[in-house]
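**Student:** One structure follows; several queries about it will come next.
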Amino acid sequence: MILKTYARLWADDLSTTLPLLERLTGTRPDLHFAFDEIELAAIGDFLVIAGPAEARARYAHATATVIVSDLDQARAALGEAGAEIATEEATSATGRFLYARHRGGAEAEYVEWKPEVRRQVLGA
């Protein structure tokens with residue numbers, strides 16, 4: 001069910017943050033898009049979230065972004081395990097997502113990519 005996980009990195013400015021990550025990972029970003037007042041880039045196993053601190057703060061409650069093959073199945077599994085949906089399902093440029101708080105208190109964003117994004121990043 002889980003296809004990929006991203007550690008979240010917070011930055012004021014994406015353009016100054018990416019060159020070092022490109023050097024460290026040896027790759028260019030797989031994804032780069034804007035959402036609300038922030039810019040995001042997925043590079044290696046990092047999701048860089050950049051923009052004004054007050055805009056980034058709206059997403060800081062989640063410690064990771066988890067890419068899943070089926071968001072409905074993930075939601076069912078989360079519910080069975082006693083997780084609480086912290087932010088109901090919504091859509092972005094890459095697909096559908098929700099935020100869930102696990103019983104132990106950890107919170108993560110769960111994303112089901114659109115087929116074209118999945119092919120672009122995973123080749124599957």
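So you can find residues: chains in the structure tokens are A, B, ... in the order shown, residues in each start at 1, and ligands are numbered from 1 in order.
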Residues at most 9 Å from Glu88 in chain A, counting only C-alpha atoms, excluding those fewer than 4 positions away in the same chain, as a PDB file with C-alpha atoms, in the first residue's frame?
**Tutor:**
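What ended up in out.pdb:
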ATOM      1  CA  PHE A  97      -4.658  13.607   0.160  1.00  0.00           C
ATOM      2  CA  LEU A  98      -5.690  13.630   3.802  1.00  0.00           C
ATOM      3  CA  TYR A  99      -3.968  14.078   7.149  1.00  0.00           C
ATOM      4  CA  ALA A 100      -4.283  11.452   9.869  1.00  0.00           C
TER       5      ALA A 100
END
**Student:** Give the strand (DSSP E) residues of chain A, as assigned by DSSP on the backbone, as a PDB file with N, CA and C atoms, in the first residue's frame.
**Tutor:**
ATOM      1  N   ILE A   2       1.937   1.284   0.819  1.00  0.00           N
ATOM      2  CA  ILE A   2       2.832   2.444   0.823  1.00  0.00           C
ATOM      3  C   ILE A   2       3.826   2.307  -0.320  1.00  0.00           C
ATOM      4  N   LEU A   3       3.866   3.328  -1.175  1.00  0.00           N
ATOM      5  CA  LEU A   3       4.759   3.334  -2.328  1.00  0.00           C
ATOM      6  C   LEU A   3       6.046   4.106  -2.062  1.00  0.00           C
ATOM      7  N   LYS A   4       5.960   5.173  -1.245  1.00  0.00           N
ATOM      8  CA  LYS A   4       7.112   6.034  -0.992  1.00  0.00           C
ATOM      9  C   LYS A   4       6.811   6.896   0.217  1.00  0.00           C
ATOM     10  N   THR A   5       7.833   7.249   0.949  1.00  0.00           N
ATOM     11  CA  THR A   5       7.680   8.202   2.046  1.00  0.00           C
ATOM     12  C   THR A   5       8.675   9.336   1.856  1.00  0.00           C
ATOM     13  N   TYR A   6       8.259  10.511   2.275  1.00  0.00           N
ATOM     14  CA  TYR A   6       9.114  11.696   2.193  1.00  0.00           C
ATOM     15  C   TYR A   6       9.298  12.296   3.579  1.00  0.00           C
ATOM     16  N   ALA A   7      10.539  12.608   3.909  1.00  0.00           N
ATOM     17  CA  ALA A   7      10.818  13.443   5.071  1.00  0.00           C
ATOM     18  C   ALA A   7      10.546  14.874   4.648  1.00  0.00           C
ATOM     19  N   ARG A   8       9.941  15.636   5.521  1.00  0.00           N
ATOM     20  CA  ARG A   8       9.611  17.021   5.188  1.00  0.00           C
ATOM     21  C   ARG A   8      10.736  17.954   5.620  1.00  0.00           C
ATOM     22  N   LEU A   9      11.125  18.825   4.707  1.00  0.00           N
ATOM     23  CA  LEU A   9      12.103  19.875   4.999  1.00  0.00           C
ATOM     24  C   LEU A   9      11.405  21.215   4.810  1.00  0.00           C
ATOM     25  N   TRP A  10      11.607  22.121   5.746  1.00  0.00           N
ATOM     26  CA  TRP A  10      10.952  23.426   5.729  1.00  0.00           C
ATOM     27  C   TRP A  10      11.966  24.472   5.317  1.00  0.00           C
ATOM     28  N   ALA A  11      11.593  25.335   4.392  1.00  0.00           N
ATOM     29  CA  ALA A  11      12.525  26.339   3.877  1.00  0.00           C
ATOM     30  C   ALA A  11      11.796  27.655   3.617  1.00  0.00           C
ATOM     31  N   LEU A  31       9.190  16.359  -8.655  1.00  0.00           N
ATOM     32  CA  LEU A  31       7.989  17.178  -8.694  1.00  0.00           C
ATOM     33  C   LEU A  31       8.331  18.571  -8.212  1.00  0.00           C
ATOM     34  N   HIS A  32       7.637  19.552  -8.750  1.00  0.00           N
ATOM     35  CA  HIS A  32       7.805  20.944  -8.329  1.00  0.00           C
ATOM     36  C   HIS A  32       6.483  21.639  -8.640  1.00  0.00           C
ATOM     37  N   PHE A  33       5.782  22.106  -7.587  1.00  0.00           N
ATOM     38  CA  PHE A  33       4.487  22.736  -7.814  1.00  0.00           C
ATOM     39  C   PHE A  33       4.151  23.678  -6.665  1.00  0.00           C
ATOM     40  N   ALA A  34       3.174  24.534  -6.911  1.00  0.00           N
ATOM     41  CA  ALA A  34       2.687  25.463  -5.894  1.00  0.00           C
ATOM     42  C   ALA A  34       1.362  24.950  -5.354  1.00  0.00           C
ATOM     43  N   PHE A  35       1.123  25.231  -4.073  1.00  0.00           N
ATOM     44  CA  PHE A  35      -0.127  24.869  -3.412  1.00  0.00           C
ATOM     45  C   PHE A  35      -0.422  25.960  -2.396  1.00  0.00           C
ATOM     46  N   ILE A  38       2.424  28.220  -0.727  1.00  0.00           N
ATOM     47  CA  ILE A  38       3.728  27.569  -0.605  1.00  0.00           C
ATOM     48  C   ILE A  38       4.142  26.933  -1.928  1.00  0.00           C
ATOM     49  N   GLU A  39       5.443  26.652  -2.027  1.00  0.00           N
ATOM     50  CA  GLU A  39       5.997  25.892  -3.148  1.00  0.00           C
ATOM     51  C   GLU A  39       6.513  24.579  -2.593  1.00  0.00           C
ATOM     52  N   LEU A  40       6.365  23.524  -3.353  1.00  0.00           N
ATOM     53  CA  LEU A  40       6.845  22.216  -2.937  1.00  0.00           C
ATOM     54  C   LEU A  40       7.721  21.611  -4.020  1.00  0.00           C
ATOM     55  N   ALA A  41       8.716  20.866  -3.578  1.00  0.00           N
ATOM     56  CA  ALA A  41       9.551  20.108  -4.505  1.00  0.00           C
ATOM     57  C   ALA A  41       9.880  18.770  -3.852  1.00  0.00           C
ATOM     58  N   ALA A  42       9.705  17.697  -4.609  1.00  0.00           N
ATOM     59  CA  ALA A  42      10.073  16.361  -4.148  1.00  0.00           C
ATOM     60  C   ALA A  42      11.388  16.004  -4.817  1.00  0.00           C
ATOM     61  N   ILE A  43      12.388  15.729  -3.975  1.00  0.00           N
ATOM     62  CA  ILE A  43      13.719  15.396  -4.488  1.00  0.00           C
ATOM     63  C   ILE A  43      14.297  14.289  -3.621  1.00  0.00           C
ATOM     64  N   PHE A  46      13.059  13.559   0.055  1.00  0.00           N
ATOM     65  CA  PHE A  46      12.692  14.792   0.743  1.00  0.00           C
ATOM     66  C   PHE A  46      11.537  15.479   0.024  1.00  0.00           C
ATOM     67  N   LEU A  47      10.646  16.053   0.802  1.00  0.00           N
ATOM     68  CA  LEU A  47       9.629  16.962   0.281  1.00  0.00           C
ATOM     69  C   LEU A  47       9.936  18.318   0.892  1.00  0.00           C
ATOM     70  N   VAL A  48      10.400  19.234   0.062  1.00  0.00           N
ATOM     71  CA  VAL A  48      10.740  20.577   0.533  1.00  0.00           C
ATOM     72  C   VAL A  48       9.481  21.428   0.447  1.00  0.00           C
ATOM     73  N   ILE A  49       9.138  22.039   1.560  1.00  0.00           N
ATOM     74  CA  ILE A  49       7.971  22.909   1.653  1.00  0.00           C
ATOM     75  C   ILE A  49       8.499  24.303   1.946  1.00  0.00           C
ATOM     76  N   ALA A  50       8.310  25.200   0.994  1.00  0.00           N
ATOM     77  CA  ALA A  50       8.925  26.523   1.097  1.00  0.00           C
ATOM     78  C   ALA A  50       7.884  27.620   0.990  1.00  0.00           C
ATOM     79  N   ALA A  64       5.586  13.657   8.106  1.00  0.00           N
ATOM     80  CA  ALA A  64       5.998  12.961   6.892  1.00  0.00           C
ATOM     81  C   ALA A  64       4.870  13.001   5.875  1.00  0.00           C
ATOM     82  N   THR A  65       5.236  12.776   4.630  1.00  0.00           N
ATOM     83  CA  THR A  65       4.269  12.593   3.555  1.00  0.00           C
ATOM     84  C   THR A  65       4.412  11.153   3.075  1.00  0.00           C
ATOM     85  N   VAL A  66       3.307  10.433   3.074  1.00  0.00           N
ATOM     86  CA  VAL A  66       3.295   9.014   2.731  1.00  0.00           C
ATOM     87  C   VAL A  66       2.487   8.845   1.448  1.00  0.00           C
ATOM     88  N   ILE A  67       3.132   8.330   0.414  1.00  0.00           N
ATOM     89  CA  ILE A  67       2.464   8.094  -0.864  1.00  0.00           C
ATOM     90  C   ILE A  67       1.907   6.672  -0.839  1.00  0.00           C
ATOM     91  N   VAL A  68       0.610   6.555  -1.102  1.00  0.00           N
ATOM     92  CA  VAL A  68      -0.055   5.253  -1.047  1.00  0.00           C
ATOM     93  C   VAL A  68      -0.658   4.910  -2.406  1.00  0.00           C
ATOM     94  N   GLU A  84      -7.223   9.064  13.783  1.00  0.00           N
ATOM     95  CA  GLU A  84      -8.230  10.107  13.585  1.00  0.00           C
ATOM     96  C   GLU A  84      -7.878  10.891  12.331  1.00  0.00           C
ATOM     97  N   ILE A  85      -8.851  11.131  11.487  1.00  0.00           N
ATOM     98  CA  ILE A  85      -8.613  11.962  10.297  1.00  0.00           C
ATOM     99  C   ILE A  85      -8.579  13.409  10.775  1.00  0.00           C
ATOM    100  N   ALA A  86      -7.395  14.013  10.685  1.00  0.00           N
ATOM    101  CA  ALA A  86      -7.190  15.383  11.172  1.00  0.00           C
ATOM    102  C   ALA A  86      -7.610  16.414  10.137  1.00  0.00           C
ATOM    103  N   THR A  87      -7.411  16.094   8.865  1.00  0.00           N
ATOM    104  CA  THR A  87      -7.832  16.962   7.762  1.00  0.00           C
ATOM    105  C   THR A  87      -8.481  16.072   6.721  1.00  0.00           C
ATOM    106  N   GLU A  88      -9.721  16.347   6.428  1.00  0.00           N
ATOM    107  CA  GLU A  88     -10.467  15.525   5.476  1.00  0.00           C
ATOM    108  C   GLU A  88      -9.838  15.568   4.086  1.00  0.00           C
ATOM    109  N   GLU A  89     -10.214  14.598   3.293  1.00  0.00           N
ATOM    110  CA  GLU A  89      -9.677  14.460   1.936  1.00  0.00           C
ATOM    111  C   GLU A  89      -9.861  15.730   1.114  1.00  0.00           C
ATOM    112  N   ALA A  90      -8.820  16.071   0.390  1.00  0.00           N
ATOM    113  CA  ALA A  90      -8.840  17.206  -0.530  1.00  0.00           C
ATOM    114  C   ALA A  90      -7.996  16.830  -1.738  1.00  0.00           C
ATOM    115  N   THR A  91      -7.923  17.725  -2.719  1.00  0.00           N
ATOM    116  CA  THR A  91      -7.126  17.452  -3.915  1.00  0.00           C
ATOM    117  C   THR A  91      -6.078  18.540  -4.106  1.00  0.00           C
ATOM    118  N   GLY A  95      -2.770  14.897  -6.797  1.00  0.00           N
ATOM    119  CA  GLY A  95      -3.755  13.858  -6.507  1.00  0.00           C
ATOM    120  C   GLY A  95      -4.601  14.166  -5.291  1.00  0.00           C
ATOM    121  N   ARG A  96      -5.045  13.103  -4.612  1.00  0.00           N
ATOM    122  CA  ARG A  96      -5.892  13.224  -3.415  1.00  0.00           C
ATOM    123  C   ARG A  96      -5.029  13.045  -2.166  1.00  0.00           C
ATOM    124  N   PHE A  97      -5.415  13.742  -1.079  1.00  0.00           N
ATOM    125  CA  PHE A  97      -4.658  13.607   0.160  1.00  0.00           C
ATOM    126  C   PHE A  97      -5.549  13.815   1.369  1.00  0.00           C
ATOM    127  N   LEU A  98      -5.072  13.355   2.507  1.00  0.00           N
ATOM    128  CA  LEU A  98      -5.690  13.630   3.802  1.00  0.00           C
ATOM    129  C   LEU A  98      -4.591  13.595   4.850  1.00  0.00           C
ATOM    130  N   TYR A  99      -4.889  14.122   6.013  1.00  0.00           N
ATOM    131  CA  TYR A  99      -3.968  14.078   7.149  1.00  0.00           C
ATOM    132  C   TYR A  99      -4.595  13.208   8.220  1.00  0.00           C
ATOM    133  N   ALA A 100      -3.786  12.334   8.821  1.00  0.00           N
ATOM    134  CA  ALA A 100      -4.283  11.452   9.869  1.00  0.00           C
ATOM    135  C   ALA A 100      -3.365  11.503  11.082  1.00  0.00           C
ATOM    136  N   ARG A 101      -3.987  11.482  12.258  1.00  0.00           N
ATOM    137  CA  ARG A 101      -3.253  11.425  13.524  1.00  0.00           C
ATOM    138  C   ARG A 101      -3.370  10.000  14.063  1.00  0.00           C
ATOM    139  N   GLU A 107       1.446  12.335  13.354  1.00  0.00           N
ATOM    140  CA  GLU A 107       0.541  12.773  12.294  1.00  0.00           C
ATOM    141  C   GLU A 107       1.281  12.778  10.963  1.00  0.00           C
ATOM    142  N   ALA A 108       0.614  12.285   9.927  1.00  0.00           N
ATOM    143  CA  ALA A 108       1.218  12.212   8.598  1.00  0.00           C
ATOM    144  C   ALA A 108       0.187  12.596   7.546  1.00  0.00           C
ATOM    145  N   GLU A 109       0.716  13.048   6.422  1.00  0.00           N
ATOM    146  CA  GLU A 109      -0.110  13.308   5.248  1.00  0.00           C
ATOM    147  C   GLU A 109      -0.076  12.043   4.393  1.00  0.00           C
ATOM    148  N   TYR A 110      -1.227  11.589   3.933  1.00  0.00           N
ATOM    149  CA  TYR A 110      -1.330  10.433   3.048  1.00  0.00           C
ATOM    150  C   TYR A 110      -1.815  10.922   1.692  1.00  0.00           C
ATOM    151  N   VAL A 111      -1.098  10.526   0.635  1.00  0.00           N
ATOM    152  CA  VAL A 111      -1.381  11.017  -0.709  1.00  0.00           C
ATOM    153  C   VAL A 111      -1.503   9.850  -1.685  1.00  0.00           C
ATOM    154  N   GLU A 112      -2.545   9.898  -2.506  1.00  0.00           N
ATOM    155  CA  GLU A 112      -2.655   9.002  -3.646  1.00  0.00           C
ATOM    156  C   GLU A 112      -2.418   9.847  -4.888  1.00  0.00           C
ATOM    157  N   TRP A 113      -1.293   9.594  -5.559  1.00  0.00           N
ATOM    158  CA  TRP A 113      -0.949  10.369  -6.738  1.00  0.00           C
ATOM    159  C   TRP A 113      -1.872  10.060  -7.913  1.00  0.00           C
TER     160      TRP A 113
END
**Student:** Can you list, as a list in words, every protein, DNA or RNA residue that comes within 8 Å of Asp12 in chain A when you count only C-alpha atoms, leaving out same-chain residues fewer than 3 positions away?
**Tutor:**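 In the requested form, the answer reads Ala50, Gly51, Pro52 and Ala53 of chain A.
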**Student:** Put those residues in a file: C-alpha atoms, as an mmCIF file, in the first residue's frame.
**Tutor:**
data_model
loop_
_atom_site.group_PDB
_atom_site.id
_atom_site.type_symbol
_atom_site.label_atom_id
_atom_site.label_comp_id
_atom_site.auth_asym_id
_atom_site.auth_seq_id
_atom_site.Cartn_x
_atom_site.Cartn_y
_atom_site.Cartn_z
ATOM 1 C CA ALA A 50 8.925 26.523 1.097
ATOM 2 C CA GLY A 51 7.315 29.873 1.642
ATOM 3 C CA PRO A 52 6.516 32.362 4.366
ATOM 4 C CA ALA A 53 6.674 30.895 7.876
#
**Student:** Which of chain A end up as alpha helix (DSSP H) when DSSP is run on this backbone - answer as a ChimeraX atom specification?
**Tutor:** /A:14-25,53-56,71-80,115-122
**Student:** Kindly export the residues of the current selection with N, CA and C atoms, as a JSON list (two decimals), in the first residue's frame.
**Tutor:**
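Wrote it out as selection_5.json, contents follow:
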[["chain", "number", "residue", "atom", "x", "y", "z"],
["A", 14, "LEU", "N", 12.66, 28.15, -1.86],
["A", 14, "LEU", "CA", 12.94, 26.90, -2.56],
["A", 14, "LEU", "C", 14.17, 26.99, -3.44],
["A", 15, "SER", "N", 14.31, 28.10, -4.15],
["A", 15, "SER", "CA", 15.42, 28.22, -5.11],
["A", 15, "SER", "C", 16.79, 28.21, -4.44],
["A", 16, "THR", "N", 16.89, 28.64, -3.20],
["A", 16, "THR", "CA", 18.18, 28.59, -2.51],
["A", 16, "THR", "C", 18.39, 27.26, -1.80],
["A", 17, "THR", "N", 17.33, 26.52, -1.57],
["A", 17, "THR", "CA", 17.42, 25.24, -0.87],
["A", 17, "THR", "C", 17.74, 24.09, -1.82],
["A", 18, "LEU", "N", 17.20, 24.12, -3.04],
["A", 18, "LEU", "CA", 17.34, 22.98, -3.96],
["A", 18, "LEU", "C", 18.76, 22.67, -4.41],
["A", 19, "PRO", "N", 19.63, 23.65, -4.69],
["A", 19, "PRO", "CA", 20.96, 23.29, -5.20],
["A", 19, "PRO", "C", 21.74, 22.32, -4.30],
["A", 20, "LEU", "N", 21.71, 22.53, -3.00],
["A", 20, "LEU", "CA", 22.41, 21.61, -2.10],
["A", 20, "LEU", "C", 21.77, 20.22, -2.12],
["A", 21, "LEU", "N", 20.45, 20.17, -2.11],
["A", 21, "LEU", "CA", 19.78, 18.87, -2.15],
["A", 21, "LEU", "C", 20.04, 18.15, -3.47],
["A", 22, "GLU", "N", 20.11, 18.89, -4.56],
["A", 22, "GLU", "CA", 20.44, 18.27, -5.85],
["A", 22, "GLU", "C", 21.84, 17.68, -5.79],
["A", 23, "ARG", "N", 22.76, 18.39, -5.18],
["A", 23, "ARG", "CA", 24.14, 17.88, -5.05],
["A", 23, "ARG", "C", 24.19, 16.65, -4.15],
["A", 24, "LEU", "N", 23.48, 16.71, -3.02],
["A", 24, "LEU", "CA", 23.52, 15.60, -2.06],
["A", 24, "LEU", "C", 22.81, 14.35, -2.59],
["A", 25, "THR", "N", 21.72, 14.53, -3.30],
["A", 25, "THR", "CA", 20.97, 13.37, -3.80],
["A", 25, "THR", "C", 21.43, 12.92, -5.18],
["A", 53, "ALA", "N", 6.83, 31.73, 6.68],
["A", 53, "ALA", "CA", 6.67, 30.90, 7.88],
["A", 53, "ALA", "C", 5.21, 30.69, 8.25],
["A", 54, "GLU", "N", 4.40, 31.74, 8.17],
["A", 54, "GLU", "CA", 3.00, 31.61, 8.56],
["A", 54, "GLU", "C", 2.23, 30.70, 7.60],
["A", 55, "ALA", "N", 2.60, 30.67, 6.34],
["A", 55, "ALA", "CA", 1.95, 29.77, 5.37],
["A", 55, "ALA", "C", 2.40, 28.33, 5.61],
["A", 56, "ARG", "N", 3.69, 28.13, 5.88],
["A", 56, "ARG", "CA", 4.21, 26.78, 6.15],
["A", 56, "ARG", "C", 3.62, 26.20, 7.43],
["A", 71, "LEU", "N", -5.85, 5.64, -1.60],
["A", 71, "LEU", "CA", -6.17, 6.45, -0.42],
["A", 71, "LEU", "C", -7.36, 5.88, 0.35],
["A", 72, "ASP", "N", -8.33, 5.32, -0.34],
["A", 72, "ASP", "CA", -9.49, 4.74, 0.34],
["A", 72, "ASP", "C", -9.07, 3.56, 1.21],
["A", 73, "GLN", "N", -8.19, 2.71, 0.70],
["A", 73, "GLN", "CA", -7.70, 1.58, 1.49],
["A", 73, "GLN", "C", -6.86, 2.06, 2.67],
["A", 74, "ALA", "N", -6.05, 3.09, 2.44],
["A", 74, "ALA", "CA", -5.24, 3.64, 3.53],
["A", 74, "ALA", "C", -6.14, 4.21, 4.61],
["A", 75, "ARG", "N", -7.18, 4.93, 4.21],
["A", 75, "ARG", "CA", -8.11, 5.51, 5.18],
["A", 75, "ARG", "C", -8.78, 4.41, 6.00],
["A", 76, "ALA", "N", -9.18, 3.33, 5.35],
["A", 76, "ALA", "CA", -9.81, 2.21, 6.06],
["A", 76, "ALA", "C", -8.84, 1.60, 7.06],
["A", 77, "ALA", "N", -7.60, 1.39, 6.64],
["A", 77, "ALA", "CA", -6.60, 0.81, 7.55],
["A", 77, "ALA", "C", -6.31, 1.74, 8.72],
["A", 78, "LEU", "N", -6.23, 3.03, 8.44],
["A", 78, "LEU", "CA", -6.02, 4.01, 9.52],
["A", 78, "LEU", "C", -7.18, 3.97, 10.51],
["A", 79, "GLY", "N", -8.40, 3.92, 10.01],
["A", 79, "GLY", "CA", -9.56, 3.86, 10.89],
["A", 79, "GLY", "C", -9.59, 2.61, 11.74],
["A", 80, "GLU", "N", -9.25, 1.48, 11.12],
["A", 80, "GLU", "CA", -9.22, 0.21, 11.86],
["A", 80, "GLU", "C", -8.18, 0.24, 12.98],
["A", 115, "PRO", "N", -2.41, 9.05, -11.74],
["A", 115, "PRO", "CA", -1.62, 8.05, -12.48],
["A", 115, "PRO", "C", -0.41, 8.64, -13.20],
["A", 116, "GLU", "N", -0.54, 9.82, -13.80],
["A", 116, "GLU", "CA", 0.58, 10.41, -14.53],
["A", 116, "GLU", "C", 1.72, 10.83, -13.60],
["A", 117, "VAL", "N", 1.39, 11.26, -12.39],
["A", 117, "VAL", "CA", 2.43, 11.62, -11.41],
["A", 117, "VAL", "C", 3.13, 10.36, -10.92],
["A", 118, "ARG", "N", 2.36, 9.33, -10.67],
["A", 118, "ARG", "CA", 2.94, 8.05, -10.23],
["A", 118, "ARG", "C", 3.92, 7.52, -11.27],
["A", 119, "ARG", "N", 3.53, 7.57, -12.54],
["A", 119, "ARG", "CA", 4.43, 7.11, -13.62],
["A", 119, "ARG", "C", 5.68, 7.98, -13.69],
["A", 120, "GLN", "N", 5.50, 9.29, -13.56],
["A", 120, "GLN", "CA", 6.63, 10.23, -13.64],
["A", 120, "GLN", "C", 7.66, 9.97, -12.54],
["A", 121, "VAL", "N", 7.19, 9.74, -11.33],
["A", 121, "VAL", "CA", 8.11, 9.62, -10.19],
["A", 121, "VAL", "C", 8.58, 8.18, -9.99],
["A", 122, "LEU", "N", 7.67, 7.24, -10.08],
["A", 122, "LEU", "CA", 8.00, 5.84, -9.76],
["A", 122, "LEU", "C", 8.18, 4.97, -10.99]]
**Student:** Could you state the separation of CA of Ala83 in chain A and CA of His61 in chain A in Å, given to one decimal place?
**Tutor:**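 Atom-to-atom, CA of Ala83 in chain A to CA of His61 in chain A, that is 14.8 Å.
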**Student:** Take CA of Thr27 in chain A and CA of Gly44 in chain A and report the distance between them in Å, one decimal.
**Tutor:**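 Between CA of Thr27 in chain A and CA of Gly44 in chain A the gap works out to 7.1 Å.
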**Student:** Restricting the calculation to only C-alpha atoms, which member of A:Asp30, A:Asp45, A:Glu37, A:Asp13 is positioned closest to Thr94 in chain A?
**Tutor:**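 Between A:Asp30, A:Asp45, A:Glu37, A:Asp13, the residue approaching Thr94 in chain A most closely is A:Asp30.
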**Student:** Rank nothing, just name the residue among A:Ala81, A:Lys114, A:Pro29, A:Ala60 nearest to Ala93 in chain A, using only C-alpha atoms.
**Tutor:**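 Of all the options, A:Lys114 lies closest to Ala93 in chain A.
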**Student:** Could you tell me how far CA of Arg58 in chain A lies from CA of Gly105 in chain A, in Å and to one decimal?
**Tutor:**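 Going from CA of Arg58 in chain A over to CA of Gly105 in chain A, I get 17.5 Å.
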